[in-house]
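The file upload-v4.txt comes next; it holds compact mmCIF, C-alpha atoms and all ligand atoms.
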```txt
# COMPACT_ATOMS: atom_id res chain seq x y z
CA MET A 48 -9.62 0.54 23.14
CA ALA A 49 -12.51 2.56 21.72
CA ARG A 50 -12.23 4.32 18.35
CA ASP A 51 -12.45 7.80 19.87
CA LYS A 52 -9.67 7.07 22.40
CA VAL A 53 -6.91 7.00 19.75
CA LYS A 54 -5.08 10.32 20.18
CA LYS A 55 -2.82 10.11 17.15
CA PRO A 56 -4.21 8.02 14.31
CA ARG A 57 -1.56 6.58 12.01
CA PHE A 58 -0.90 5.88 8.35
CA GLY A 59 -1.01 2.18 7.53
CA TRP A 60 1.15 1.27 4.53
CA ALA A 61 1.09 -2.12 2.84
CA LEU A 62 4.21 -2.92 0.86
CA THR A 63 3.78 -5.70 -1.71
CA GLY A 64 6.30 -7.58 -3.81
CA SER A 65 6.41 -5.18 -6.72
CA GLY A 66 9.63 -3.71 -8.06
CA HIS A 67 7.68 -1.01 -9.90
CA TYR A 68 8.52 2.26 -8.12
CA PHE A 69 9.50 0.24 -5.05
CA LYS A 70 12.43 2.48 -4.10
CA GLU A 71 10.39 5.63 -4.74
CA CYS A 72 7.57 4.38 -2.49
CA LEU A 73 10.12 3.77 0.27
CA ALA A 74 11.24 7.40 -0.12
CA VAL A 75 7.65 8.63 0.34
CA MET A 76 7.26 6.44 3.43
CA GLN A 77 10.43 7.88 4.90
CA ARG A 78 8.78 11.30 5.02
CA LEU A 79 5.68 10.17 6.90
CA PRO A 80 5.05 10.59 10.61
CA ASP A 81 3.13 8.03 12.67
CA LEU A 82 3.45 5.14 10.25
CA ASP A 83 2.81 1.40 10.49
CA VAL A 84 4.13 -0.74 7.64
CA PHE A 85 2.62 -4.08 6.66
CA VAL A 86 5.11 -6.12 4.62
CA SER A 87 3.89 -8.95 2.40
CA LYS A 88 6.11 -12.05 2.22
CA ALA A 89 7.01 -11.18 -1.37
CA ALA A 90 7.81 -7.58 -0.38
CA ALA A 91 10.24 -8.84 2.25
CA GLU A 92 12.09 -10.70 -0.51
CA VAL A 93 11.95 -7.85 -3.01
CA ILE A 94 13.44 -5.42 -0.47
CA ARG A 95 16.54 -7.61 -0.38
CA MET A 96 16.72 -8.02 -4.17
CA TYR A 97 16.69 -4.25 -4.70
CA LYS A 98 19.26 -3.95 -1.89
CA GLN A 99 16.97 -1.66 0.08
CA ASP A 100 16.59 -1.39 3.81
CA LEU A 101 13.61 -0.07 5.69
CA ALA A 102 15.27 3.02 7.16
CA LEU A 103 12.09 4.59 8.43
CA PRO A 104 11.49 7.39 10.94
CA ASP A 105 11.71 6.60 14.66
CA GLY A 106 8.42 5.29 15.94
CA THR A 107 7.55 3.50 12.69
CA ARG A 108 6.21 0.03 13.39
CA ILE A 109 6.85 -2.80 10.94
CA PHE A 110 4.57 -5.83 10.77
CA LYS A 111 5.69 -8.87 8.80
CA ASP A 112 3.34 -11.46 7.36
CA THR A 113 3.85 -14.26 9.89
CA THR A 114 0.33 -15.21 10.95
CA ALA A 115 -2.46 -16.96 9.07
CA SER A 116 -5.11 -14.68 10.48
CA ALA A 117 -3.19 -11.42 9.85
CA VAL A 118 -3.17 -10.48 13.53
CA PRO A 119 -1.92 -6.89 13.03
CA VAL A 120 -5.12 -5.89 11.19
CA GLY A 121 -6.91 -5.51 14.52
CA GLY A 122 -5.90 -1.84 14.70
CA PHE A 123 -8.31 -0.98 11.89
CA TYR A 124 -11.23 -1.82 14.17
CA TYR A 125 -10.05 0.55 16.88
CA GLY A 126 -9.45 3.69 14.83
CA VAL A 127 -5.67 3.31 14.89
CA TYR A 128 -5.46 4.20 11.16
CA HIS A 129 -6.78 7.25 9.35
CA THR A 130 -5.52 6.08 5.93
CA LEU A 131 -4.22 2.91 4.31
CA VAL A 132 -1.73 3.17 1.46
CA VAL A 133 -1.01 0.08 -0.66
CA ALA A 134 2.05 0.99 -2.67
CA PRO A 135 3.35 -0.36 -4.87
CA ALA A 136 0.54 -2.87 -5.40
CA THR A 137 1.33 -6.01 -7.41
CA SER A 138 -1.09 -7.39 -9.97
CA ASN A 139 -1.53 -10.29 -7.53
CA THR A 140 -2.62 -8.06 -4.65
CA VAL A 141 -4.91 -5.99 -6.89
CA ALA A 142 -6.51 -9.14 -8.35
CA LYS A 143 -7.18 -10.54 -4.88
CA ALA A 144 -8.44 -7.20 -3.63
CA VAL A 145 -11.02 -6.83 -6.41
CA ALA A 146 -12.14 -10.43 -5.89
CA GLY A 147 -12.65 -9.73 -2.19
CA ILE A 148 -9.94 -12.20 -1.18
CA SER A 149 -8.03 -11.50 2.02
CA ASP A 150 -5.60 -14.34 2.58
CA ASN A 151 -2.39 -12.56 3.55
CA LEU A 152 -1.34 -9.43 5.39
CA ALA A 153 -1.55 -7.00 2.45
CA THR A 154 -4.93 -8.18 1.19
CA ASN A 155 -6.21 -8.34 4.76
CA VAL A 156 -5.33 -4.75 5.60
CA PHE A 157 -7.04 -3.65 2.38
CA ALA A 158 -10.18 -5.65 3.17
CA GLN A 159 -10.29 -4.57 6.81
CA ALA A 160 -9.72 -0.91 5.86
CA GLY A 161 -12.75 -1.21 3.57
CA LYS A 162 -14.87 -2.81 6.27
CA CYS A 163 -13.89 -0.09 8.71
CA ARG A 164 -14.39 2.72 6.18
CA VAL A 165 -10.77 3.79 6.38
CA PRO A 166 -9.85 5.51 3.09
CA ALA A 167 -7.32 3.61 0.98
CA ILE A 168 -4.87 4.84 -1.64
CA VAL A 169 -3.64 2.11 -3.99
CA PHE A 170 -0.67 2.63 -6.32
CA ALA A 171 -1.40 -0.08 -8.87
CA CYS A 172 1.51 -1.31 -10.97
CA ASP A 173 -0.47 -2.32 -14.01
CA THR A 174 -1.91 0.79 -15.57
CA ALA A 175 -0.96 0.66 -19.25
CA PRO A 176 -0.53 -2.05 -21.91
CA GLU A 177 3.20 -1.33 -22.16
CA MET A 178 5.36 -0.06 -19.32
CA ASP A 179 8.98 0.49 -18.34
CA THR A 180 9.75 -0.88 -14.91
CA GLU A 181 12.84 -1.31 -12.75
CA ALA A 182 14.06 -4.87 -12.28
CA PRO A 183 16.91 -5.54 -9.85
CA LYS A 184 19.42 -5.35 -12.73
CA GLY A 185 17.93 -2.32 -14.48
CA MET A 186 14.98 -1.13 -16.54
CA VAL A 187 12.86 -3.67 -18.44
CA LYS A 188 9.67 -3.57 -20.51
CA VAL A 189 6.51 -5.27 -19.26
CA TYR A 190 3.18 -5.74 -20.98
CA PRO A 191 0.38 -6.04 -18.38
CA ARG A 192 -2.33 -8.42 -19.54
CA ARG A 193 -5.92 -7.44 -20.18
CA ILE A 194 -6.95 -9.10 -16.89
CA ASP A 195 -4.38 -6.99 -14.98
CA LEU A 196 -5.63 -3.74 -16.54
CA GLU A 197 -9.27 -4.74 -15.96
CA ASN A 198 -8.57 -5.46 -12.30
CA THR A 199 -6.98 -2.03 -11.86
CA GLU A 200 -10.10 -0.48 -13.44
CA ARG A 201 -12.41 -2.53 -11.19
CA LEU A 202 -10.59 -1.32 -8.13
CA ARG A 203 -11.49 2.27 -9.01
CA SER A 204 -15.15 1.50 -8.34
CA PHE A 205 -14.47 0.48 -4.72
CA ASP A 206 -15.81 2.76 -2.00
CA ASP A 207 -13.28 4.88 -0.11
CA THR A 208 -10.54 3.79 -2.53
CA THR A 209 -8.33 6.07 -4.62
CA VAL A 210 -6.33 4.32 -7.32
CA VAL A 211 -3.23 6.26 -8.37
CA GLU A 212 -1.09 5.57 -11.42
CA SER A 213 2.03 7.62 -10.91
CA LEU A 214 4.43 8.56 -8.19
CA GLY A 215 3.29 12.20 -8.45
CA ASP A 216 -0.34 11.17 -7.95
CA LEU A 217 0.66 9.00 -4.99
CA GLU A 218 2.49 11.90 -3.37
CA ALA A 219 -0.47 14.23 -4.02
CA ALA A 220 -2.95 11.74 -2.53
CA VAL A 221 -0.78 11.25 0.57
CA GLU A 222 -0.37 15.03 0.96
CA ALA A 223 -4.16 15.45 0.71
CA ARG A 224 -4.61 12.99 3.57
CA LEU A 225 -1.99 14.85 5.65
CA ARG A 226 -3.88 18.12 5.02
CA TRP A 227 -7.16 16.44 5.99
CA LEU A 228 -5.55 15.08 9.15
CA LYS A 229 -4.23 18.50 10.12
CA SER A 230 -7.60 20.16 9.58
CA SER A 231 -9.51 17.44 11.44
CA CYS A 232 -7.16 17.67 14.44
CA SER A 233 -7.23 21.48 14.71
C1 LIG B 301 12.38 -8.57 -8.38
C2 LIG B 301 10.91 -8.75 -8.51
C3 LIG B 301 10.12 -7.71 -8.95
C4 LIG B 301 8.74 -7.88 -9.10
N1 LIG B 301 8.00 -6.84 -9.57
C5 LIG B 301 6.67 -7.00 -9.76
C6 LIG B 301 5.90 -5.92 -10.27
O1 LIG B 301 6.40 -4.81 -10.57
N2 LIG B 301 4.57 -6.11 -10.41
C7 LIG B 301 3.97 -7.29 -10.08
O2 LIG B 301 2.75 -7.38 -10.23
N3 LIG B 301 4.68 -8.34 -9.59
C8 LIG B 301 6.02 -8.22 -9.43
N4 LIG B 301 6.76 -9.28 -8.92
C9 LIG B 301 6.07 -10.56 -8.64
C10 LIG B 301 5.43 -10.56 -7.24
O3 LIG B 301 6.40 -10.35 -6.22
C11 LIG B 301 4.67 -11.89 -7.02
O4 LIG B 301 3.55 -11.93 -7.89
C12 LIG B 301 4.21 -12.09 -5.59
O5 LIG B 301 3.56 -13.35 -5.50
C13 LIG B 301 3.28 -10.99 -5.13
O6 LIG B 301 2.88 -11.20 -3.79
P1 LIG B 301 2.12 -10.07 -2.97
O7 LIG B 301 1.10 -9.49 -3.91
O8 LIG B 301 1.51 -10.82 -1.83
O9 LIG B 301 3.13 -9.09 -2.48
C14 LIG B 301 8.13 -9.12 -8.79
C15 LIG B 301 8.95 -10.17 -8.33
C16 LIG B 301 10.31 -9.99 -8.21
C17 LIG B 301 11.15 -11.15 -7.75
```
As structure tokens, what does this structure read like?
Amino acid sequence: MARDKVKKPRFGWALTGSGHYFKECLAVMQRLPDLDVFVSKAAAEVIRMYKQDLALPDGTRIFKDTTASAVPVGGFYYGVYHTLVVAPATSNTVAKAVAGISDNLATNVFAQAGKCRVPAIVFACDTAPEMDTEAPKGMVKVYPRRIDLENTERLRSFDDTTVVESLGDLEAAVEARLRWLKSSCS
């Protein structure tokens, strides 16, 4: 399959095991056409803890993290994806991403998107020294460490990568990609 043969490029969305805005990210995904979801092992557990199900539009494909070599990433090489969204992104995934580590499905799709020059939007969890976040039993306070905040900052310097800090910014970045897609297809 050659890059230019893909008629309808898709959104790739990596879900990681973060409770921070997890439900809200699912709501954004539910509005997207032509979507493939890459679910980290931790995300698969967190979905159950927050009593969520992946009720996504017809045609959405869901890839779980079941292979050591992250087989589903192959689509990035063939132009299947116009955009990768990593949301919400745990401190673990962000730390691995900035270190160039790709040892699971989420970190692999981020690395392969970068190598294929597919723009990525990352909704990093750790953006301020003190934050309110939703745990399965309600809101709690968390205090991201200096290393977590530094990693989020480092990610901003990556090529083709937009780091967003709020749900509103995530929605705006996704909308911008939808507008770009519409204009590039017309
Ligand atoms: C209920 C629950 C909520 C969590 N929320 C967060 C979070 O908001 N941010 C974070 O960095 N890690 C959070 N974690 C921890 C991650 O799931 C854990 O670090 C995991 O190893 C991340 O794996 P992944 O980055 O491959 O998805 C949470 C864990 C649980 C059980």
Query - Selection within 7 Å of ligand LIG 301 (chain B) by all atoms listed in the file, output as number ranges by chain - result: A: 63-67, 87-90, 93, 96, 136-140, 151, 153, 172, 180, 182-183
Counting all atoms listed in the file, which residues of segment 110-199 of chain A fall within 7 Å of segment 55-60 of chain A, and what is the closest atom pair for each with its distance in Å at one decimal, ordered by chain and rising number, as JSON lines?
```
{"residue": "A:Gly126", "atom": "CA", "partner": "A:Pro56", "partner_atom": "CA", "distance": 6.8}
{"residue": "A:Val127", "atom": "CA", "partner": "A:Pro56", "partner_atom": "CA", "distance": 5.0}
{"residue": "A:Tyr128", "atom": "CA", "partner": "A:Arg57", "partner_atom": "CA", "distance": 4.6}
{"residue": "A:His129", "atom": "CA", "partner": "A:Pro56", "partner_atom": "CA", "distance": 5.6}
{"residue": "A:Thr130", "atom": "CA", "partner": "A:Phe58", "partner_atom": "CA", "distance": 5.2}
{"residue": "A:Leu131", "atom": "CA", "partner": "A:Gly59", "partner_atom": "CA", "distance": 4.6}
{"residue": "A:Val132", "atom": "CA", "partner": "A:Trp60", "partner_atom": "CA", "distance": 4.6}
{"residue": "A:Val133", "atom": "CA", "partner": "A:Trp60", "partner_atom": "CA", "distance": 5.7}
```
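For the residues A:Gly161, A:Pro135, A:Pro191, A:Pro119, ranking by smallest atom-to-atom distance to Ser213 of chain A using only C-alpha atoms places A:Pro135 first.
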Query raised in the report: Which polymer residues, protein or nucleic acid, are no farther than 10 Å from (11.1, 9.8, 12.1), counting only C-alpha atoms, as a PyMOL selection string?
Result: chain A and resi 77-82+102-107
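Here atom CA of Glu92 of chain A is placed at a distance of 23.6 Å from atom CA of Thr174 of chain A.
Interatomic distance, atom CA of Asp112 of chain A against atom CA of Met186 of chain A: 28.5 Å.
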Query raised in the report: Hey, what's within 12 Å of Arg192 of chain A if we count all atoms listed in the file and toss same-chain stuff fewer than 6 positions away? As a PyMOL selection string, please?
Result: chain A and resi 138+142+172-178+198-199
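Distance-wise, atom CA of Ala220 of chain A and atom CA of Glu200 of chain A end up 17.9 Å apart.
Counting only C-alpha atoms, the residue from A:Ala171, A:Val53, A:Ala134, A:Ala91 that sits nearest to Leu73 of chain A is A:Ala134.
With distances restricted to only C-alpha atoms, A:Ile168 is the closest residue to Leu214 of chain A from A:Val141, A:Ala117, A:Ile168, A:Lys54.
Restricting the calculation to only C-alpha atoms, the smallest distance between Tyr125 of chain A and any of A:Lys98, A:Val165, A:Phe110, A:Met76 is found for A:Val165.
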Requested in this report: Identify, on the basis of only C-alpha atoms, every residue whose closest approach to Ala219 of chain A does not exceed 12 Å; exclude the query and any residue fewer than 5 positions from it along the same chain; express the result as a PyMOL selection string.
Outcome: chain A and resi 75+168+170+209-214+224-226
